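File shown here: upload_4.txt, holding compact mmCIF, C-alpha atoms.
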```txt
# COMPACT_ATOMS: atom_id res chain seq x y z
CA MET A 1 17.93 7.33 8.68
CA LYS A 2 16.38 9.97 6.52
CA PHE A 3 13.35 10.09 4.27
CA ALA A 4 13.21 12.46 1.30
CA VAL A 5 9.63 13.52 0.53
CA VAL A 6 9.53 15.02 -2.96
CA VAL A 7 7.12 17.93 -3.31
CA PHE A 8 5.66 18.72 -6.74
CA PRO A 9 3.29 21.63 -7.38
CA GLY A 10 -0.01 19.92 -6.61
CA SER A 11 1.33 17.28 -4.19
CA ASN A 12 -1.09 17.06 -1.27
CA CYS A 13 -0.06 14.00 0.70
CA ASP A 14 3.50 15.18 1.29
CA GLU A 15 2.80 16.38 4.83
CA ASP A 16 1.07 13.11 5.73
CA ALA A 17 4.10 11.11 4.56
CA PHE A 18 6.45 13.47 6.41
CA HIS A 19 4.33 13.12 9.57
CA ALA A 20 4.35 9.32 9.35
CA ALA A 21 8.15 9.23 8.98
CA THR A 22 8.93 11.77 11.70
CA ASP A 23 6.19 12.08 14.33
CA VAL A 24 5.00 8.48 14.13
CA LEU A 25 8.21 6.57 13.40
CA GLY A 26 10.70 9.01 14.92
CA GLU A 27 12.94 9.12 11.86
CA ARG A 28 14.32 12.19 10.05
CA ALA A 29 12.72 13.52 6.90
CA GLU A 30 13.19 16.43 4.53
CA TYR A 31 10.96 17.95 1.89
CA ILE A 32 12.66 18.18 -1.52
CA TRP A 33 11.10 20.68 -3.94
CA HIS A 34 10.73 19.29 -7.46
CA LYS A 35 13.05 21.92 -8.96
CA GLU A 36 15.97 20.75 -6.86
CA THR A 37 18.51 18.45 -8.46
CA SER A 38 19.79 16.57 -5.40
CA LEU A 39 18.14 14.25 -2.90
CA LYS A 40 20.90 15.28 -0.50
CA ASP A 41 21.71 12.50 1.95
CA ALA A 42 18.37 10.69 1.81
CA ASP A 43 18.25 6.95 2.51
CA VAL A 44 14.75 6.45 1.13
CA VAL A 45 12.68 8.51 -1.32
CA ILE A 46 8.92 8.99 -1.24
CA LEU A 47 6.94 10.35 -4.18
CA PRO A 48 3.73 11.37 -2.41
CA GLY A 49 0.12 11.48 -3.54
CA GLY A 50 -1.69 14.45 -4.99
CA PHE A 51 -2.09 15.96 -8.44
CA ALA A 52 1.43 16.89 -9.54
CA HIS A 53 1.38 19.69 -12.12
CA GLY A 54 -2.42 19.47 -12.04
CA ASP A 55 -2.21 16.02 -13.65
CA TYR A 56 -2.34 17.91 -16.95
CA LEU A 57 -2.24 15.74 -20.08
CA ARG A 58 -2.12 12.48 -18.09
CA THR A 59 -1.58 11.69 -14.42
CA GLY A 60 2.16 11.95 -13.71
CA ALA A 61 3.01 12.94 -17.29
CA MET A 62 4.46 16.35 -16.45
CA ALA A 63 6.07 15.41 -13.13
CA ARG A 64 8.34 13.05 -15.00
CA PHE A 65 10.11 16.15 -16.43
CA SER A 66 10.68 17.85 -13.06
CA PRO A 67 14.44 18.31 -12.45
CA ILE A 68 14.42 16.21 -9.26
CA MET A 69 13.35 13.16 -11.27
CA ARG A 70 16.85 12.84 -12.76
CA ALA A 71 18.15 12.42 -9.20
CA VAL A 72 15.34 9.96 -8.36
CA GLU A 73 16.21 7.89 -11.44
CA ALA A 74 19.90 7.84 -10.47
CA PHE A 75 19.03 6.93 -6.85
CA ALA A 76 16.81 4.07 -8.07
CA ALA A 77 19.51 2.87 -10.52
CA GLU A 78 21.91 2.52 -7.59
CA GLY A 79 19.39 0.34 -5.77
CA GLY A 80 18.04 3.03 -3.45
CA PRO A 81 14.54 2.40 -2.08
CA VAL A 82 11.86 4.53 -3.76
CA LEU A 83 8.17 4.45 -2.79
CA GLY A 84 5.52 6.00 -5.04
CA ILE A 85 2.15 6.46 -3.37
CA CYS A 86 -0.94 7.01 -5.57
CA ASN A 87 0.09 9.99 -7.77
CA GLY A 88 3.68 9.00 -6.94
CA PHE A 89 2.95 5.54 -8.41
CA GLN A 90 1.48 7.20 -11.52
CA ILE A 91 4.67 9.30 -11.84
CA LEU A 92 6.85 6.16 -11.58
CA LEU A 93 4.82 4.60 -14.42
CA GLU A 94 5.13 7.68 -16.65
CA ALA A 95 8.85 7.91 -15.86
CA GLY A 96 9.32 4.29 -16.91
CA LEU A 97 10.66 3.28 -13.48
CA LEU A 98 7.78 0.79 -13.29
CA PRO A 99 5.99 -0.82 -16.28
CA GLY A 100 2.41 -0.16 -17.40
CA ALA A 101 0.02 2.79 -17.27
CA MET A 102 -3.08 3.99 -15.46
CA LEU A 103 -6.52 4.33 -17.04
CA ARG A 104 -9.61 6.02 -15.63
CA ASN A 105 -11.39 3.87 -13.05
CA ARG A 106 -13.71 1.52 -14.94
CA ASP A 107 -16.83 3.13 -13.41
CA LEU A 108 -15.43 6.65 -14.06
CA LYS A 109 -15.91 7.51 -10.37
CA PHE A 110 -13.32 8.93 -7.97
CA HIS A 111 -13.00 6.30 -5.24
CA CYS A 112 -12.28 7.52 -1.72
CA GLU A 113 -12.69 4.60 0.67
CA HIS A 114 -10.87 2.00 2.75
CA VAL A 115 -10.00 -1.13 0.78
CA HIS A 116 -8.16 -4.36 1.52
CA VAL A 117 -4.90 -5.26 -0.17
CA ARG A 118 -2.96 -8.49 0.20
CA VAL A 119 0.81 -8.38 0.58
CA GLU A 120 2.05 -10.82 -2.06
CA TYR A 121 5.80 -10.75 -1.40
CA THR A 122 7.88 -9.49 1.49
CA ASP A 123 11.28 -9.26 -0.23
CA THR A 124 11.08 -5.53 -1.01
CA PRO A 125 12.28 -2.61 1.15
CA PHE A 126 8.65 -1.67 1.79
CA THR A 127 7.10 -5.01 2.71
CA GLY A 128 9.82 -6.70 4.81
CA ALA A 129 7.96 -6.01 8.06
CA CYS A 130 4.75 -7.58 6.73
CA HIS A 131 3.74 -11.23 6.71
CA ALA A 132 3.36 -12.73 3.23
CA GLY A 133 -0.35 -12.96 2.54
CA ALA A 134 -1.21 -10.35 5.18
CA VAL A 135 -4.34 -8.36 4.37
CA LEU A 136 -3.90 -4.63 5.03
CA ARG A 137 -6.82 -2.21 5.39
CA ILE A 138 -5.69 1.04 3.78
CA PRO A 139 -7.60 3.89 2.10
CA ILE A 140 -7.56 4.71 -1.60
CA ALA A 141 -8.41 8.10 -3.13
CA HIS A 142 -8.08 8.19 -6.91
CA GLY A 143 -9.85 8.56 -10.23
CA ASP A 144 -7.13 6.98 -12.37
CA GLY A 145 -6.12 3.77 -10.66
CA ASN A 146 -7.15 1.24 -13.28
CA TYR A 147 -3.79 -0.42 -13.89
CA PHE A 148 -3.14 -1.51 -17.45
CA ALA A 149 -0.33 -3.38 -19.15
CA ASP A 150 -0.44 -5.70 -22.14
CA PRO A 151 -0.96 -9.42 -21.35
CA GLU A 152 2.71 -10.26 -21.97
CA THR A 153 3.82 -7.62 -19.44
CA ILE A 154 1.29 -8.84 -16.86
CA ALA A 155 2.54 -12.41 -17.33
CA ARG A 156 6.14 -11.24 -16.89
CA LEU A 157 5.26 -9.27 -13.73
CA GLU A 158 3.55 -12.33 -12.25
CA ALA A 159 6.43 -14.66 -13.22
CA ASN A 160 8.99 -12.27 -11.70
CA ARG A 161 6.92 -11.91 -8.49
CA GLN A 162 6.63 -8.14 -9.04
CA VAL A 163 2.94 -7.80 -8.11
CA ILE A 164 3.41 -6.74 -4.48
CA PHE A 165 -0.11 -5.66 -3.49
CA ARG A 166 -3.42 -6.99 -4.81
CA TYR A 167 -6.96 -5.82 -4.07
CA THR A 168 -8.84 -8.49 -2.13
CA ASP A 169 -11.82 -8.80 0.17
CA ALA A 170 -11.32 -8.71 3.94
CA ALA A 171 -10.54 -12.44 3.92
CA GLY A 172 -7.77 -11.98 1.36
CA LEU A 173 -9.62 -13.42 -1.63
CA VAL A 174 -9.23 -11.78 -5.05
CA THR A 175 -12.75 -11.05 -6.31
CA ASP A 176 -14.06 -8.69 -8.95
CA ALA A 177 -16.26 -6.99 -6.33
CA ALA A 178 -13.16 -6.22 -4.23
CA ASN A 179 -11.41 -4.58 -7.19
CA PRO A 180 -12.30 -0.87 -6.83
CA ASN A 181 -11.09 0.37 -10.22
CA GLY A 182 -10.83 -2.47 -12.73
CA SER A 183 -7.07 -2.95 -12.43
CA ALA A 184 -5.66 -5.85 -14.43
CA SER A 185 -5.20 -8.93 -12.19
CA GLY A 186 -6.37 -6.82 -9.23
CA ILE A 187 -2.97 -5.11 -9.14
CA ALA A 188 -2.76 -2.44 -6.41
CA GLY A 189 1.04 -2.19 -6.28
CA LEU A 190 4.17 -3.30 -8.09
CA CYS A 191 7.93 -3.40 -7.67
CA SER A 192 10.71 -2.96 -10.20
CA ASP A 193 12.67 -5.96 -11.44
CA ARG A 194 15.41 -5.08 -8.92
CA ARG A 195 12.63 -4.81 -6.28
CA ASN A 196 13.86 -1.48 -4.80
CA VAL A 197 11.24 0.72 -6.52
CA VAL A 198 7.69 0.14 -5.27
CA GLY A 199 4.49 1.90 -6.32
CA LEU A 200 1.01 1.44 -4.90
CA MET A 201 -2.34 3.21 -5.26
CA PRO A 202 -3.50 2.90 -1.60
CA HIS A 203 -2.27 5.50 0.90
CA PRO A 204 -0.30 3.85 3.74
CA GLU A 205 0.50 7.29 5.22
CA ARG A 206 -3.22 7.70 5.90
CA ALA A 207 -3.28 4.49 7.94
CA CYS A 208 -0.46 4.99 10.43
CA GLU A 209 -2.32 5.93 13.62
CA SER A 210 -5.30 4.38 15.38
CA ALA A 211 -7.06 7.76 15.29
CA LEU A 212 -7.12 7.39 11.51
CA GLY A 213 -9.00 4.10 11.69
CA SER A 214 -6.13 1.78 10.78
CA VAL A 215 -2.45 1.36 11.56
CA ASP A 216 -1.81 -1.17 8.80
CA GLY A 217 0.04 1.34 6.61
CA LEU A 218 2.71 1.75 9.27
CA GLN A 219 4.12 -1.67 8.31
CA ILE A 220 5.17 -0.23 4.95
CA PHE A 221 7.11 2.67 6.47
CA ARG A 222 8.54 0.43 9.20
CA SER A 223 9.72 -2.00 6.52
CA ALA A 224 11.87 0.74 4.99
CA VAL A 225 13.45 1.53 8.37
CA ASP A 226 14.13 -2.16 9.06
CA ALA A 227 15.61 -2.70 5.59
CA LEU A 228 18.03 0.21 5.97
CA ASN A 229 19.05 -0.76 9.50
CA LEU A 230 19.76 -4.29 8.28
CA HIS A 231 21.73 -2.88 5.35
CA ARG A 232 23.85 -0.82 7.79
CA VAL A 233 24.49 -3.78 10.08
CA LEU A 234 25.61 -5.89 7.14
CA GLN A 235 27.88 -3.13 5.86
CA THR A 236 29.63 -2.62 9.20
CA ALA A 237 29.86 -6.34 10.04
CA MET B 1 3.14 25.37 -40.36
CA ARG B 2 0.42 23.78 -38.28
CA ALA B 3 0.40 20.11 -37.32
CA ARG B 4 -2.56 18.37 -35.74
CA VAL B 5 -2.06 15.37 -33.46
CA PHE B 6 -4.95 13.04 -32.58
CA VAL B 7 -4.34 10.76 -29.59
CA THR B 8 -6.68 7.88 -28.79
CA LEU B 9 -6.56 4.80 -26.62
CA LYS B 10 -5.35 1.75 -28.51
CA THR B 11 -8.15 -0.48 -29.77
CA SER B 12 -6.97 -3.19 -27.35
CA VAL B 13 -7.54 -0.84 -24.38
CA PHE B 14 -11.03 -0.45 -22.90
CA ASP B 15 -12.22 3.18 -23.04
CA PRO B 16 -14.75 3.65 -20.21
CA GLN B 17 -15.44 7.28 -21.19
CA GLY B 18 -16.13 6.37 -24.81
CA ARG B 19 -18.44 3.57 -23.69
CA THR B 20 -20.35 5.92 -21.38
CA ILE B 21 -20.76 8.47 -24.19
CA ALA B 22 -22.00 5.73 -26.55
CA ASP B 23 -24.52 4.64 -23.91
CA ALA B 24 -25.70 8.25 -23.55
CA LEU B 25 -26.12 8.58 -27.31
CA HIS B 26 -28.14 5.36 -27.38
CA SER B 27 -30.42 6.71 -24.67
CA LEU B 28 -30.89 9.85 -26.81
CA GLY B 29 -32.15 7.63 -29.61
CA TYR B 30 -28.97 7.41 -31.69
CA GLY B 31 -29.07 3.65 -31.89
CA THR B 32 -26.97 3.54 -35.05
CA VAL B 33 -23.89 4.88 -33.24
CA ASP B 34 -22.13 1.57 -32.74
CA ASP B 35 -19.12 2.75 -30.75
CA VAL B 36 -17.36 5.89 -29.48
CA ARG B 37 -13.68 6.29 -28.68
CA GLN B 38 -12.70 9.43 -26.77
CA GLY B 39 -9.31 11.02 -27.39
CA LYS B 40 -7.23 14.19 -27.27
CA TYR B 41 -6.51 16.71 -30.00
CA PHE B 42 -3.45 18.99 -30.20
CA GLU B 43 -2.64 21.84 -32.56
CA LEU B 44 1.09 22.51 -32.87
CA ASP B 45 2.33 25.71 -34.50
CA LEU B 46 5.74 24.81 -35.89
CA ARG B 47 8.46 27.11 -37.11
CA THR B 48 8.98 25.34 -40.42
CA ALA B 49 7.50 25.52 -43.92
CA ASP B 50 8.46 21.98 -44.78
CA ALA B 51 5.60 19.47 -44.44
CA SER B 52 7.75 16.39 -43.95
CA GLU B 53 9.85 18.18 -41.32
CA ALA B 54 6.67 19.27 -39.54
CA ARG B 55 5.30 15.75 -39.66
CA ALA B 56 8.52 14.30 -38.22
CA LEU B 57 8.67 16.88 -35.43
CA ALA B 58 5.01 16.35 -34.48
CA ALA B 59 5.56 12.59 -34.38
CA GLU B 60 8.63 13.06 -32.18
CA VAL B 61 6.80 15.16 -29.56
CA ALA B 62 3.85 12.77 -29.70
CA ASP B 63 6.22 9.88 -28.94
CA LYS B 64 7.97 11.77 -26.15
CA LEU B 65 5.05 13.44 -24.40
CA LEU B 66 1.63 13.80 -26.04
CA ALA B 67 0.85 10.06 -26.13
CA ASN B 68 1.70 7.28 -23.69
CA PRO B 69 2.70 4.37 -25.95
CA VAL B 70 1.60 1.83 -23.34
CA ILE B 71 -2.07 2.72 -23.79
CA GLU B 72 -2.37 5.26 -26.61
CA SER B 73 -1.72 5.61 -30.32
CA TYR B 74 -1.69 8.81 -32.37
CA ARG B 75 -2.14 10.18 -35.88
CA VAL B 76 -0.48 13.31 -37.31
CA GLU B 77 -1.89 15.65 -39.96
CA VAL B 78 -0.07 18.64 -41.44
CA ASP B 79 -1.28 21.40 -43.76
CA SER B 80 -0.24 20.67 -47.30
```
Using structure tokens, write down the structure that the file contains.
Amino acid sequence: MKFAVVVFPGSNCDEDAFHAATDVLGERAEYIWHKETSLKDADVVILPGGFAHGDYLRTGAMARFSPIMRAVEAFAAEGGPVLGICNGFQILLEAGLLPGAMLRNRDLKFHCEHVHVRVEYTDTPFTGACHAGAVLRIPIAHGDGNYFADPETIARLEANRQVIFRYTDAAGLVTDAANPNGSASGIAGLCSDRRNVVGLMPHPERACESALGSVDGLQIFRSAVDALNLHRVLQTA
Amino acid sequence: MRARVFVTLKTSVFDPQGRTIADALHSLGYGTVDDVRQGKYFELDLRTADASEARALAAEVADKLLANPVIESYRVEVDS
């Protein structure tokens, strides 16, 4: 299977995502420059972290207008798995592929640290290899990760089981102290209503090898591989 | 014609930068500053002489790009 890693001017986690897909997992991957209009034959799309277009105006606001985003929207509309990591999550929000918006972290500080997130649901292409309720230790690195949506939207996300990752303490308990940025309901990651588009603020690609201090992020990439292999088996059966 | 667009966070959205600025003003002795909301300001030079056309165009680009309707609201002014 093949990963497409979209590269915007200012992306800086693209090589880490590429490395996780290829060197760590042994799958194929290809960089796709943001001015391209085709994802080629990709099976899964990653919008990586960084500061696309300098994060001018608002995080992700300009990236939404990059030509490749029309192809990403079409891919997502057909049910293709799309993962937005950090800035990629912010781009998905601005593009309207996921609901809500990001505000500055409540303490106005850029947080660069390992945090714990609980996997709420495993029926997405990026959490199928996890156990429900598993607590992953994954780093964050962001200044605008304070997830906001109006109370009605939050209630709808909860009712539809779309909150996929939540900030918790090491024991998996949601506490205000374990919430690094002030996100509503401790939301660290979401999925779309069709569940194929997932965005999260933590960086799983930075937690894929023991040398990096954690391998918990590998479960997210492995989930995508498992989901596509299962899809293929079902199609040929 | 010039249009000015003021974008601010909605009143229902907490503005941590505005709060920090208000706290700084209080520490400078400006205790009568009750609240501060930080925002963005845009000047658009528009190729039209018609004020209502300018206002409509400024509102359109504010809706499409300058403001994120999930968290922000905006106000447009045009030269009369």
Taking a cut-off of 9 Å and counting all atoms listed in the file, can you build a table that, for each residue of chain B near chain A, reports the nearest atom pair and how far apart they are in Å (one decimal), sorted by chain then residue number, as CSV?
```
residue,atom,partner,partner_atom,distance
B:Ser12,CA,A:Asp150,CA,8.7
B:Val13,CA,A:Phe148,CA,8.2
B:Phe14,CA,A:Arg106,CA,8.6
B:Asp15,CA,A:Arg104,CA,8.4
B:Pro16,CA,A:Arg106,CA,5.8
B:Gln17,CA,A:Leu108,CA,7.2
B:Thr20,CA,A:Leu108,CA,8.8
B:Lys40,CA,A:Leu57,CA,8.9
B:Leu65,CA,A:Ala61,CA,7.4
B:Leu66,CA,A:Leu57,CA,7.4
B:Ala67,CA,A:Leu57,CA,8.9
B:Asn68,CA,A:Glu94,CA,7.8
B:Val70,CA,A:Gly100,CA,6.3
B:Ile71,CA,A:Ala101,CA,6.8
```
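Distances here use only C-alpha atoms; by that measure, the residue among B:Arg19, B:Lys64, B:Arg75, B:Arg2 closest to Asp35 in chain B is B:Arg19.
For the pair CA of Arg70 in chain A and CA of Glu30 in chain A, the interatomic distance is 18.0 Å.
Interatomic distance, CA of Val135 in chain A against CA of Glu120 in chain A: 9.4 Å.
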Could you tell me how far CA of Glu152 in chain A lies from CA of Asn196 in chain A, in Å and to one decimal?
->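 Computing it gives 22.3 Å between the two atoms.
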May I have the protein, DNA and RNA residues with an atom at most 6 Å from (-12.5, 5.7, -3.6), counting all atoms listed in the file in the file's coordinates, returned as a ChimeraX atom specification?
-> /A:110-113,140-141
How would the residues just chosen look if you wrote them out with C-alpha atoms as a short mmCIF file (atom, residue, chain, number, x, y, z; two decimals), in the frame of the given file?
```cif
data_model
loop_
_atom_site.label_atom_id
_atom_site.label_comp_id
_atom_site.auth_asym_id
_atom_site.auth_seq_id
_atom_site.Cartn_x
_atom_site.Cartn_y
_atom_site.Cartn_z
CA PHE A 110 -13.32 8.93 -7.97
CA HIS A 111 -13.00 6.30 -5.24
CA CYS A 112 -12.28 7.52 -1.72
CA GLU A 113 -12.69 4.60 0.67
CA ILE A 140 -7.56 4.71 -1.60
CA ALA A 141 -8.41 8.10 -3.13
#
```
Counting all atoms listed in the file, what is within 7 Å of range 90-92 of chain A, bar same-chain residues fewer than 2 positions away, as an MDAnalysis selection string?
-> chainID A and resid 59:61 63:64 84 86:88 94:98 102
Using all atoms listed in the file, give me every residue within 7 Å of (10.2, -0.2, 1.8) in file coordinates, as a PyMOL selection string.
-> chain A and resi 81+83+124-127+220-221+223-224
Pull C-alpha atoms from the residues just selected and write them as a PDB file, keeping the file's coordinate frame.
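result09.pdb was written with the following content:
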```pdb
ATOM      1  CA  PRO A  81      14.540   2.400  -2.080  1.00  0.00           C
ATOM      2  CA  LEU A  83       8.170   4.450  -2.790  1.00  0.00           C
ATOM      3  CA  THR A 124      11.080  -5.530  -1.010  1.00  0.00           C
ATOM      4  CA  PRO A 125      12.280  -2.610   1.150  1.00  0.00           C
ATOM      5  CA  PHE A 126       8.650  -1.670   1.790  1.00  0.00           C
ATOM      6  CA  THR A 127       7.100  -5.010   2.710  1.00  0.00           C
ATOM      7  CA  ILE A 220       5.170  -0.230   4.950  1.00  0.00           C
ATOM      8  CA  PHE A 221       7.110   2.670   6.470  1.00  0.00           C
ATOM      9  CA  SER A 223       9.720  -2.000   6.520  1.00  0.00           C
ATOM     10  CA  ALA A 224      11.870   0.740   4.990  1.00  0.00           C
TER      11      ALA A 224
END
```
Counting all atoms listed in the file, which residues of range 45-85 of chain A fall within 8 Å of range 4-28 of chain A, and what is the closest atom pair for each with its distance in Å at one decimal, ordered by chain and rising number, as a tab-separated table?
```
residue	atom	partner	partner_atom	distance
A:Val45	CA	A:Ala4	CA	4.8
A:Ile46	CA	A:Val5	CA	4.9
A:Leu47	CA	A:Val6	CA	5.5
A:Pro48	CA	A:Asp14	CA	5.3
A:Gly49	CA	A:Cys13	CA	4.9
A:Gly50	CA	A:Ser11	CA	4.2
A:Phe51	CA	A:Gly10	CA	4.8
A:Ala52	CA	A:Gly10	CA	4.5
A:His53	CA	A:Pro9	CA	5.5
A:Gly54	CA	A:Gly10	CA	6.0
A:Ala63	CA	A:Phe8	CA	7.2
```
Starting from the incomplete input, reconstruct N, CA and C atoms of range 52-72 of chain B and report them as a compact mmCIF listing (two decimals), keeping the file's coordinate frame.
```txt
# COMPACT_ATOMS: atom_id res chain seq x y z
N SER B 52 7.21 17.65 -44.48
CA SER B 52 7.75 16.39 -43.95
C SER B 52 8.52 16.64 -42.65
N GLU B 53 9.17 17.82 -42.57
CA GLU B 53 9.85 18.18 -41.32
C GLU B 53 8.83 18.38 -40.20
N ALA B 54 7.73 19.04 -40.53
CA ALA B 54 6.67 19.27 -39.54
C ALA B 54 6.08 17.95 -39.06
N ARG B 55 5.87 17.05 -40.01
CA ARG B 55 5.30 15.75 -39.66
C ARG B 55 6.25 14.99 -38.73
N ALA B 56 7.54 15.03 -39.04
CA ALA B 56 8.52 14.30 -38.22
C ALA B 56 8.62 14.89 -36.81
N LEU B 57 8.58 16.24 -36.74
CA LEU B 57 8.67 16.88 -35.43
C LEU B 57 7.43 16.58 -34.59
N ALA B 58 6.25 16.64 -35.21
CA ALA B 58 5.01 16.35 -34.48
C ALA B 58 5.01 14.91 -33.97
N ALA B 59 5.50 14.00 -34.80
CA ALA B 59 5.56 12.59 -34.38
C ALA B 59 6.53 12.42 -33.22
N GLU B 60 7.63 13.17 -33.25
CA GLU B 60 8.63 13.06 -32.18
C GLU B 60 8.04 13.53 -30.84
N VAL B 61 7.35 14.68 -30.84
CA VAL B 61 6.80 15.16 -29.56
C VAL B 61 5.62 14.29 -29.11
N ALA B 62 4.92 13.69 -30.08
CA ALA B 62 3.85 12.77 -29.70
C ALA B 62 4.44 11.54 -29.00
N ASP B 63 5.55 11.03 -29.55
CA ASP B 63 6.22 9.88 -28.94
C ASP B 63 6.74 10.21 -27.56
N LYS B 64 7.30 11.42 -27.41
CA LYS B 64 7.97 11.77 -26.15
C LYS B 64 7.00 12.20 -25.07
N LEU B 65 5.88 12.84 -25.44
CA LEU B 65 5.05 13.44 -24.40
C LEU B 65 3.54 13.32 -24.64
N LEU B 66 3.08 13.66 -25.85
CA LEU B 66 1.63 13.80 -26.04
C LEU B 66 0.88 12.48 -25.86
N ALA B 67 1.50 11.37 -26.26
CA ALA B 67 0.85 10.06 -26.13
C ALA B 67 1.68 9.16 -25.23
N ASN B 68 1.01 8.31 -24.47
CA ASN B 68 1.70 7.28 -23.69
C ASN B 68 1.61 5.99 -24.49
N PRO B 69 2.74 5.51 -25.03
CA PRO B 69 2.70 4.37 -25.95
C PRO B 69 2.18 3.08 -25.31
N VAL B 70 2.12 3.04 -23.99
CA VAL B 70 1.60 1.83 -23.34
C VAL B 70 0.10 1.67 -23.62
N ILE B 71 -0.60 2.80 -23.68
CA ILE B 71 -2.07 2.72 -23.79
C ILE B 71 -2.63 3.47 -24.99
N GLU B 72 -1.82 4.37 -25.59
CA GLU B 72 -2.37 5.26 -26.61
C GLU B 72 -1.64 5.13 -27.95
```
